[in-house]
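K.L.:
See start.cif below, with mmCIF, C-alpha atoms.
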```
data_start
loop_
_atom_site.label_atom_id
_atom_site.label_comp_id
_atom_site.auth_asym_id
_atom_site.auth_seq_id
_atom_site.Cartn_x
_atom_site.Cartn_y
_atom_site.Cartn_z
CA MET J 1 98.55 -100.51 34.23
CA ARG J 2 100.27 -103.83 33.54
CA VAL J 3 103.45 -104.19 35.56
CA LEU J 4 106.24 -106.74 35.28
CA VAL J 5 107.92 -107.42 38.63
CA THR J 6 111.08 -109.51 38.52
CA GLY J 7 112.06 -111.30 41.69
CA VAL J 8 108.42 -111.38 42.72
CA ALA J 9 108.93 -114.18 45.25
CA GLY J 10 111.64 -112.15 46.97
CA PHE J 11 111.18 -109.96 50.00
CA ILE J 12 110.61 -106.62 48.27
CA GLY J 13 109.00 -108.08 45.14
CA PHE J 14 106.37 -109.88 47.20
CA HIS J 15 105.38 -106.75 49.11
CA LEU J 16 105.36 -104.58 45.98
CA ALA J 17 103.21 -107.03 44.04
CA GLY J 18 100.70 -107.16 46.89
CA ARG J 19 100.47 -103.37 46.99
CA LEU J 20 99.99 -103.12 43.22
CA LEU J 21 97.27 -105.77 43.28
CA ASP J 22 95.55 -103.86 46.10
CA GLU J 23 95.47 -100.87 43.74
CA GLY J 24 93.88 -102.92 40.96
CA ARG J 25 97.00 -103.23 38.82
CA GLU J 26 97.71 -106.27 36.67
CA VAL J 27 100.97 -107.86 37.80
CA VAL J 28 103.10 -110.39 35.96
CA GLY J 29 105.73 -111.71 38.33
CA ILE J 30 108.77 -113.82 37.51
CA ASP J 31 111.23 -115.60 39.79
CA ASN J 32 113.63 -118.53 39.59
CA LEU J 33 113.16 -119.49 43.27
CA ASN J 34 116.90 -120.04 43.67
CA PRO J 35 118.11 -121.70 46.89
CA TYR J 36 120.35 -118.84 48.14
CA TYR J 37 118.00 -118.94 51.13
CA ASP J 38 115.18 -121.31 52.05
CA PRO J 39 112.93 -121.56 48.96
CA SER J 40 110.00 -122.56 51.18
CA LEU J 41 109.76 -118.94 52.33
CA LYS J 42 109.63 -117.82 48.69
CA ARG J 43 106.96 -120.40 47.93
CA ALA J 44 104.94 -119.24 50.94
CA ARG J 45 105.05 -115.68 49.62
CA LEU J 46 103.91 -116.89 46.20
CA GLU J 47 101.05 -118.87 47.76
CA MET J 48 99.68 -115.58 49.07
CA LEU J 49 99.92 -113.86 45.68
CA THR J 50 98.89 -116.61 43.27
CA PRO J 51 95.14 -116.75 44.10
CA ARG J 52 94.73 -113.01 43.71
CA GLU J 53 92.91 -111.56 40.77
CA GLY J 54 95.23 -109.85 38.31
CA PHE J 55 98.35 -111.81 39.27
CA THR J 56 100.25 -114.12 36.92
CA PHE J 57 103.39 -115.98 37.91
CA ARG J 58 106.01 -117.37 35.56
CA PHE J 59 108.88 -119.49 36.76
CA MET J 60 111.80 -117.90 34.95
CA ASP J 61 115.44 -116.91 35.33
CA CYS J 62 116.44 -113.44 34.13
CA ALA J 63 119.74 -114.93 32.97
CA ASP J 64 117.86 -117.14 30.48
CA ARG J 65 118.01 -115.04 27.32
CA ARG J 66 115.45 -116.93 25.27
CA ALA J 67 112.95 -117.09 28.09
CA MET J 68 113.26 -113.36 28.68
CA GLU J 69 112.85 -112.59 24.99
CA GLY J 70 109.67 -114.66 24.96
CA LEU J 71 108.40 -112.89 28.08
CA PHE J 72 108.69 -109.44 26.53
CA GLU J 73 107.34 -110.61 23.17
CA GLY J 74 104.24 -111.78 25.02
CA GLY J 75 103.84 -108.42 26.86
CA PRO J 76 103.07 -105.60 26.67
CA PHE J 77 104.18 -104.08 29.99
CA ASP J 78 103.59 -100.46 30.91
CA VAL J 79 106.22 -100.47 33.64
CA VAL J 80 108.96 -102.93 34.55
CA VAL J 81 110.22 -103.08 38.13
CA HIS J 82 113.43 -105.10 38.21
CA LEU J 83 114.12 -106.45 41.69
CA ALA J 84 115.58 -109.87 40.85
CA ALA J 85 119.23 -110.15 41.87
CA GLN J 86 121.76 -112.26 43.66
CA ALA J 87 121.78 -110.50 47.02
CA GLY J 88 124.24 -110.47 49.89
CA VAL J 89 127.68 -108.96 50.35
CA ARG J 90 129.45 -111.84 52.12
CA TYR J 91 128.14 -114.52 49.74
CA SER J 92 129.84 -112.70 46.86
CA LEU J 93 133.18 -113.67 48.40
CA GLU J 94 132.24 -117.34 48.08
CA ASN J 95 130.33 -117.49 44.81
CA PRO J 96 131.21 -114.54 42.56
CA HIS J 97 129.91 -116.15 39.37
CA ALA J 98 126.34 -116.09 40.72
CA TYR J 99 126.51 -112.28 40.83
CA ILE J 100 127.67 -111.93 37.24
CA ASP J 101 125.01 -114.33 35.97
CA ALA J 102 122.10 -112.81 37.88
CA ASN J 103 123.05 -109.17 38.30
CA ILE J 104 124.88 -108.44 35.04
CA THR J 105 123.64 -110.92 32.44
CA GLY J 106 120.13 -110.93 33.90
CA PHE J 107 119.94 -107.15 33.92
CA LEU J 108 121.14 -106.97 30.31
CA HIS J 109 118.23 -109.20 29.29
CA VAL J 110 115.81 -106.92 31.14
CA LEU J 111 117.24 -103.84 29.40
CA GLU J 112 117.06 -105.49 26.00
CA GLY J 113 113.49 -106.60 26.65
CA CYS J 114 112.45 -103.10 27.68
CA ARG J 115 114.17 -101.57 24.66
CA HIS J 116 112.59 -103.83 22.06
CA ALA J 117 109.16 -103.76 23.73
CA SER J 118 109.21 -99.94 24.07
CA VAL J 119 108.51 -100.09 27.81
CA SER J 120 107.61 -96.63 29.08
CA HIS J 121 109.58 -96.85 32.35
CA LEU J 122 112.12 -99.21 33.89
CA VAL J 123 112.53 -98.94 37.66
CA PHE J 124 115.41 -101.00 39.01
CA ALA J 125 116.92 -101.85 42.38
CA SER J 126 120.32 -100.52 43.23
CA SER J 127 121.86 -100.53 46.70
CA SER J 128 123.49 -98.39 49.34
CA SER J 129 126.44 -100.76 48.89
CA VAL J 130 127.53 -98.75 45.84
CA TYR J 131 128.84 -96.04 48.19
CA GLY J 132 131.63 -98.43 49.17
CA ALA J 133 134.61 -96.58 50.61
CA ASN J 134 132.83 -93.20 50.66
CA VAL J 135 132.99 -91.53 54.06
CA LYS J 136 131.15 -88.26 53.38
CA MET J 137 127.84 -88.46 55.23
CA PRO J 138 125.01 -88.61 54.48
CA PHE J 139 125.47 -90.52 51.23
CA SER J 140 124.24 -88.42 48.30
CA VAL J 141 123.33 -89.46 44.77
CA HIS J 142 125.27 -86.41 43.63
CA ASP J 143 128.55 -87.90 44.88
CA ASN J 144 130.70 -90.27 42.85
CA VAL J 145 130.57 -93.95 43.76
CA ASP J 146 133.73 -95.26 42.16
CA HIS J 147 135.19 -97.31 45.02
CA PRO J 148 133.03 -100.37 45.74
CA VAL J 149 134.32 -102.80 48.36
CA SER J 150 132.37 -105.91 47.35
CA LEU J 151 131.52 -107.63 44.08
CA TYR J 152 127.84 -107.25 44.93
CA ALA J 153 128.32 -103.48 45.11
CA ALA J 154 130.26 -103.51 41.85
CA THR J 155 127.41 -105.28 40.06
CA LYS J 156 124.91 -102.75 41.36
CA LYS J 157 127.13 -99.88 40.20
CA ALA J 158 127.37 -101.66 36.84
CA ASN J 159 123.56 -101.85 36.69
CA GLU J 160 123.36 -98.08 37.08
CA LEU J 161 125.89 -97.58 34.28
CA MET J 162 124.12 -100.07 32.00
CA ALA J 163 120.75 -98.40 32.59
CA HIS J 164 122.21 -94.99 31.85
CA THR J 165 123.68 -96.29 28.61
CA TYR J 166 120.28 -97.57 27.45
CA ALA J 167 118.65 -94.31 28.48
CA ALA J 168 121.23 -92.38 26.45
CA LEU J 169 121.31 -94.65 23.39
CA TYR J 170 117.67 -95.65 23.08
CA GLY J 171 115.74 -93.11 25.15
CA LEU J 172 114.62 -95.82 27.60
CA PRO J 173 113.45 -93.99 30.76
CA CYS J 174 115.25 -95.57 33.72
CA THR J 175 115.05 -94.88 37.44
CA GLY J 176 117.33 -96.57 39.96
CA LEU J 177 116.61 -96.74 43.68
CA ARG J 178 119.45 -97.26 46.12
CA PHE J 179 117.88 -99.25 48.95
CA PHE J 180 119.23 -98.82 52.48
CA THR J 181 119.07 -101.90 54.77
CA VAL J 182 115.50 -103.02 54.12
CA TYR J 183 113.80 -104.99 56.91
CA GLY J 184 110.35 -106.11 57.99
CA PRO J 185 107.90 -109.05 57.89
CA TRP J 186 108.68 -111.74 55.32
CA GLY J 187 112.28 -110.49 55.22
CA ARG J 188 115.35 -112.32 53.97
CA PRO J 189 116.71 -114.94 56.40
CA ASP J 190 120.31 -113.86 55.74
CA MET J 191 119.72 -110.34 57.06
CA ALA J 192 120.79 -109.36 60.57
CA LEU J 193 117.31 -108.89 62.05
CA PHE J 194 116.26 -112.37 60.94
CA THR J 195 119.43 -114.14 62.06
CA PHE J 196 119.50 -112.26 65.38
CA THR J 197 115.88 -113.12 66.12
CA LYS J 198 116.35 -116.80 65.33
CA ALA J 199 119.50 -117.08 67.43
CA ILE J 200 118.08 -115.25 70.46
CA LEU J 201 114.96 -117.41 70.49
CA GLU J 202 117.10 -120.54 70.23
CA GLY J 203 119.40 -119.39 73.04
CA ARG J 204 122.45 -119.06 70.79
CA PRO J 205 124.89 -116.12 70.66
CA ILE J 206 124.59 -113.57 67.87
CA ASP J 207 127.58 -112.52 65.74
CA VAL J 208 128.14 -108.77 66.10
CA TYR J 209 130.68 -107.45 63.60
CA ASN J 210 133.17 -104.62 64.06
CA PHE J 211 132.67 -105.24 67.78
CA GLY J 212 129.31 -103.49 67.53
CA ASP J 213 130.73 -100.22 66.20
CA MET J 214 128.39 -99.99 63.19
CA LYS J 215 125.46 -97.89 62.08
CA ARG J 216 122.79 -98.68 59.53
CA ASP J 217 120.08 -96.58 57.95
CA PHE J 218 117.35 -99.18 58.49
CA THR J 219 114.37 -98.77 56.15
CA TYR J 220 111.06 -100.51 56.78
CA ILE J 221 109.58 -102.50 53.91
CA ASP J 222 106.33 -100.48 53.69
CA ASP J 223 108.38 -97.31 53.20
CA ILE J 224 110.36 -99.00 50.42
CA VAL J 225 107.16 -100.05 48.65
CA GLU J 226 105.63 -96.58 48.99
CA GLY J 227 108.73 -95.08 47.41
CA LEU J 228 108.70 -97.63 44.60
CA VAL J 229 105.04 -97.04 43.76
CA ARG J 230 105.49 -93.27 43.68
CA VAL J 231 108.62 -93.46 41.54
CA MET J 232 106.89 -95.81 39.09
CA HIS J 233 104.56 -92.94 38.17
CA LEU J 234 107.38 -90.43 37.79
CA VAL J 235 108.89 -91.13 34.39
CA PRO J 236 112.29 -89.41 34.23
CA SER J 237 113.08 -86.86 31.57
CA PRO J 238 116.43 -85.36 30.54
CA ASN J 239 117.75 -82.67 32.85
CA PRO J 240 118.16 -79.54 30.67
CA ALA J 241 120.53 -78.03 33.25
CA TRP J 242 122.92 -81.01 33.18
CA ASN J 243 126.46 -79.84 32.45
CA ALA J 244 129.05 -82.29 31.16
CA ALA J 245 131.85 -80.10 32.47
CA GLU J 246 130.50 -80.56 36.01
CA ALA J 247 128.78 -83.88 35.57
CA ASP J 248 126.15 -84.64 38.23
CA PRO J 249 125.94 -88.43 38.83
CA GLY J 250 122.37 -88.15 40.12
CA THR J 251 120.80 -86.77 36.94
CA SER J 252 121.62 -86.81 33.24
CA PHE J 253 121.13 -85.43 29.76
CA ALA J 254 119.29 -88.74 29.23
CA PRO J 255 115.93 -89.82 30.76
CA TYR J 256 117.65 -91.29 33.80
CA ARG J 257 117.52 -90.66 37.55
CA ILE J 258 118.96 -92.20 40.70
CA TYR J 259 117.41 -91.82 44.17
CA ASN J 260 118.37 -92.93 47.65
CA ILE J 261 115.56 -94.49 49.61
CA GLY J 262 116.39 -94.70 53.29
CA GLY J 263 115.14 -93.47 56.62
CA SER J 264 117.92 -90.86 56.95
CA ARG J 265 118.23 -91.84 60.62
CA PRO J 266 121.26 -94.12 61.15
CA VAL J 267 120.87 -96.40 64.15
CA ASP J 268 123.76 -97.82 66.18
CA LEU J 269 123.90 -101.59 65.81
CA MET J 270 123.96 -102.04 69.59
CA ARG J 271 120.83 -99.89 69.89
CA PHE J 272 119.18 -101.98 67.17
CA ILE J 273 119.93 -105.10 69.19
CA GLU J 274 118.43 -103.48 72.29
CA VAL J 275 115.22 -102.74 70.39
CA LEU J 276 115.06 -106.35 69.28
CA GLU J 277 115.68 -107.59 72.82
CA ASP J 278 112.82 -105.44 74.08
CA ALA J 279 110.47 -106.77 71.41
CA LEU J 280 111.40 -110.39 72.16
CA GLY J 281 111.56 -109.96 75.92
CA ARG J 282 114.93 -111.70 75.95
CA LYS J 283 118.56 -110.66 76.15
CA ALA J 284 121.10 -111.56 73.48
CA GLU J 285 124.45 -113.18 74.10
CA LYS J 286 126.86 -111.30 71.84
CA ASN J 287 129.83 -112.76 69.98
CA LEU J 288 131.90 -109.68 69.12
CA LEU J 289 133.87 -110.04 65.87
CA PRO J 290 136.02 -107.85 63.58
CA LEU J 291 134.57 -106.09 60.53
CA GLN J 292 133.96 -108.54 57.70
CA LYS J 293 135.49 -108.16 54.25
CA GLY J 294 133.23 -106.23 51.92
CA ASP J 295 131.29 -104.62 54.76
CA VAL J 296 131.16 -100.92 55.69
CA ARG J 297 130.94 -99.32 59.11
CA GLN J 298 128.12 -96.87 58.46
CA THR J 299 125.33 -96.06 56.01
CA TRP J 300 123.19 -92.93 55.97
CA ALA J 301 120.88 -91.87 53.16
CA ASP J 302 120.37 -88.34 51.93
CA ALA J 303 116.80 -88.80 50.71
CA ASP J 304 116.11 -85.14 49.91
CA ASP J 305 115.95 -85.74 46.15
CA LEU J 306 113.35 -88.47 46.60
CA GLU J 307 111.23 -86.24 48.83
CA ARG J 308 111.40 -83.34 46.37
CA ALA J 309 110.52 -85.61 43.45
CA VAL J 310 107.61 -87.61 44.87
CA GLY J 311 106.71 -85.92 48.16
CA PHE J 312 107.68 -88.86 50.32
CA ARG J 313 110.35 -89.71 52.87
CA PRO J 314 110.51 -93.01 54.81
CA GLY J 315 109.12 -92.52 58.29
CA VAL J 316 108.61 -95.83 60.13
CA SER J 317 110.80 -95.86 63.26
CA VAL J 318 113.06 -98.79 64.00
CA GLU J 319 111.13 -99.44 67.23
CA GLU J 320 107.86 -99.80 65.35
CA GLY J 321 109.37 -101.73 62.45
CA VAL J 322 111.19 -104.26 64.63
CA ALA J 323 108.05 -104.85 66.70
CA ARG J 324 106.09 -105.59 63.51
CA PHE J 325 108.78 -107.99 62.32
CA VAL J 326 108.88 -109.85 65.62
CA SER J 327 105.09 -110.18 65.63
CA TRP J 328 105.21 -111.69 62.14
CA TYR J 329 108.15 -113.98 62.98
CA LEU J 330 106.53 -115.39 66.11
CA GLY J 331 103.33 -116.07 64.19
CA TYR J 332 104.88 -117.49 61.04
CA TYR J 333 107.34 -119.81 62.79
CA ARG J 334 105.08 -120.40 65.81
CA ALA J 335 108.10 -119.53 67.95
#
```
As a first step, turn the structure in this file into structure tokens.

P.N.:
Amino acid sequence: MRVLVTGVAGFIGFHLAGRLLDEGREVVGIDNLNPYYDPSLKRARLEMLTPREGFTFRFMDCADRRAMEGLFEGGPFDVVVHLAAQAGVRYSLENPHAYIDANITGFLHVLEGCRHASVSHLVFASSSSVYGANVKMPFSVHDNVDHPVSLYAATKKANELMAHTYAALYGLPCTGLRFFTVYGPWGRPDMALFTFTKAILEGRPIDVYNFGDMKRDFTYIDDIVEGLVRVMHLVPSPNPAWNAAEADPGTSFAPYRIYNIGGSRPVDLMRFIEVLEDALGRKAEKNLLPLQKGDVRQTWADADDLERAVGFRPGVSVEEGVARFVSWYLGYYRA
């Protein structure tokens, strides 16, 4: 199997590529190494992948149409896993154009490449952010997600719609995975676990939004990768029971599926901080703040569809996952 992984120097892309190489797959990875967060961390991830047999890296931006056309012309790829994106909810308030360029234009180029190269399966990253203003818990792929509260969420919803269109028009099999608060070693420095750890070790207060009244369905990176690998092998087919009069957003008359991938165990933010304090052996000074624009109070994944489809449900506890992250952080930064 020859797999194209976009965003390969990113948090999830790096871990997925390593897993695929462990399994003897050939991996072509692309990334533009943008400076949204410290590129040295991205380069360090790449330094671990580059010497490995079966891995090829190409410095490339998904928003570059000609470069992407050349990439797919030089294929072939059996499966494409599209993880490249402009991430972050709060950053979308400051730099909205970055999200359109990377998440909309870039994704269009991936879809076009897959269509013309007759790729057998496109797996792409969506996000729990698409649930937006929904309050019915747990979040289900069978519920509508028509009320996003951030531009980032809107672009991820748009990705799902674009993928469905290509599945319907061209028969391109597409599977979207809605990730729920991914964390773990080599994680993104803009995520709460990373920023909390850095601040606590430096003796600075941590910013705790909505005065701590938040819950997140934290999902450890190894569980995310396991789900991705299993879904890669499950090429979607049209659902013969799909009824347009009672349209189910989670399936389709086209070869298209959406799955949640989350631990299905929401954790109170204050409990999460306690777990981190225990792992670090230090207490945090908390700066309690109101809820930020674009943020939501709670996430909770209904992962039943994923379990039925591939026989897997994320299982790493937050206590174990945070301890693994702290061990990596202390070693990597020699803290």

K.L.:
Rank J:Ala284, J:Ala247, J:Ala98, J:Ala301 by their smallest atom-to-atom distance to Val208 (chain J), using only C-alpha atoms, and report the top residue only.

P.N.:
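Of J:Ala284, J:Ala247, J:Ala98, J:Ala301, the one nearest Val208 (chain J), counting only C-alpha atoms, is J:Ala284.
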
K.L.:
State, in Å with one decimal place, the distance from CA of Ser150 (chain J) to CA of Asn134 (chain J).

P.N.:
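Those two atoms sit 13.1 Å apart.
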
K.L.:
Taking the file as shown, what set of residues would the PyMOL selection byres ((chain J and resi 257) around 9) give back, as a count of residues only?

P.N.:
18

K.L.:
Show me, as a ChimeraX atom specification, the residues that have an atom within 12 Å of Gly281 (chain J) when counting only C-alpha atoms, minus same-chain residues fewer than 3 positions from it.

P.N.:
/J:197,200-201,273-278,284,323,326

K.L.:
Using all atoms listed in the file for the distances, tell me which of J:Phe124, J:Phe139, J:Tyr166, J:Tyr131 is nearest to Val231 (chain J).

P.N.:
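Closest to Val231 (chain J), using all atoms listed in the file: J:Phe124.
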
K.L.:
So which residues get picked by the PyMOL selection byres ((chain J and resi 34-44) around 7) here, written as a VMD selection string?

P.N.:
chain J and resid 9 to 10 32 to 33 45 to 48 189

K.L.:
Could you state the separation of CA of Gly262 (chain J) and CA of Thr219 (chain J) in Å, given to one decimal place?

P.N.:
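Computed distance, CA of Gly262 (chain J) to CA of Thr219 (chain J), equals 5.4 Å.
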
K.L.:
With distances taken over all atoms listed in the file, which of J:Arg178, J:Arg334, J:Arg313, J:Lys198 is nearest to Asn260 (chain J)?

P.N.:
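Checking each candidate against Asn260 (chain J), we get J:Arg178 as the closest.
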
K.L.:
Identify all residues satisfying the PyMOL selection byres ((chain J and resi 316) around 10) in the given file; provide them as a PyMOL selection string.

P.N.:
chain J and resi 218-223+263+313-315+317-322

K.L.:
Quick one: what's the axis-aligned box for region 306-316 of chain J, all listed atoms, 6 Å on every side, centre and edges in Å to one decimal, as lines of an AutoDock Vina configuration file?

P.N.:
```
center_x = 110.0
center_y = -89.6
center_z = 51.8
size_x = 18.6
size_y = 24.5
size_z = 28.7
```

K.L.:
Reconstruct N, CA, C and O atoms of region 145-162 of chain J; output as a short mmCIF file (atom, residue, chain, number, x, y, z; two decimals), in the frame of the given file.

P.N.:
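Writing done, so here's rebuild.cif:
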```cif
data_model
loop_
_atom_site.label_atom_id
_atom_site.label_comp_id
_atom_site.auth_asym_id
_atom_site.auth_seq_id
_atom_site.Cartn_x
_atom_site.Cartn_y
_atom_site.Cartn_z
N VAL J 145 130.52 -92.65 43.06
CA VAL J 145 130.57 -93.95 43.76
C VAL J 145 131.49 -94.88 42.97
O VAL J 145 131.06 -95.87 42.39
N ASP J 146 132.75 -94.56 42.99
CA ASP J 146 133.73 -95.26 42.16
C ASP J 146 134.63 -96.21 42.94
O ASP J 146 135.61 -96.72 42.39
N HIS J 147 134.32 -96.46 44.21
CA HIS J 147 135.19 -97.31 45.02
C HIS J 147 134.39 -98.37 45.78
O HIS J 147 134.35 -98.36 47.02
N PRO J 148 133.76 -99.29 45.06
CA PRO J 148 133.03 -100.37 45.74
C PRO J 148 133.99 -101.28 46.50
O PRO J 148 135.16 -101.40 46.15
N VAL J 149 133.48 -101.92 47.56
CA VAL J 149 134.32 -102.80 48.36
C VAL J 149 133.78 -104.23 48.39
O VAL J 149 134.23 -105.05 49.20
N SER J 150 132.85 -104.54 47.51
CA SER J 150 132.37 -105.91 47.35
C SER J 150 131.94 -106.10 45.90
O SER J 150 131.60 -105.14 45.21
N LEU J 151 131.97 -107.35 45.45
CA LEU J 151 131.52 -107.63 44.08
C LEU J 151 130.03 -107.32 43.93
O LEU J 151 129.59 -106.84 42.88
N TYR J 152 129.26 -107.59 44.97
CA TYR J 152 127.84 -107.25 44.93
C TYR J 152 127.66 -105.76 44.63
O TYR J 152 126.88 -105.38 43.75
N ALA J 153 128.40 -104.92 45.34
CA ALA J 153 128.32 -103.48 45.11
C ALA J 153 128.74 -103.12 43.70
O ALA J 153 128.14 -102.27 43.04
N ALA J 154 129.78 -103.79 43.20
CA ALA J 154 130.26 -103.51 41.85
C ALA J 154 129.20 -103.85 40.81
O ALA J 154 129.04 -103.13 39.81
N THR J 155 128.46 -104.94 41.03
CA THR J 155 127.41 -105.28 40.06
C THR J 155 126.27 -104.28 40.09
O THR J 155 125.66 -103.98 39.06
N LYS J 156 125.97 -103.75 41.27
CA LYS J 156 124.91 -102.75 41.36
C LYS J 156 125.33 -101.43 40.72
O LYS J 156 124.53 -100.75 40.05
N LYS J 157 126.59 -101.05 40.90
CA LYS J 157 127.13 -99.88 40.20
C LYS J 157 127.08 -100.12 38.69
O LYS J 157 126.71 -99.22 37.91
N ALA J 158 127.43 -101.33 38.26
CA ALA J 158 127.37 -101.66 36.84
C ALA J 158 125.94 -101.55 36.30
O ALA J 158 125.72 -101.08 35.18
N ASN J 159 124.96 -101.98 37.10
CA ASN J 159 123.56 -101.85 36.69
C ASN J 159 123.20 -100.40 36.42
O ASN J 159 122.51 -100.08 35.44
N GLU J 160 123.65 -99.50 37.28
CA GLU J 160 123.36 -98.08 37.08
C GLU J 160 123.99 -97.59 35.77
O GLU J 160 123.35 -96.84 35.01
N LEU J 161 125.22 -98.00 35.50
CA LEU J 161 125.89 -97.58 34.28
C LEU J 161 125.20 -98.17 33.04
O LEU J 161 125.04 -97.48 32.02
N MET J 162 124.81 -99.43 33.13
CA MET J 162 124.12 -100.07 32.00
C MET J 162 122.79 -99.38 31.71
O MET J 162 122.44 -99.12 30.56
#
```
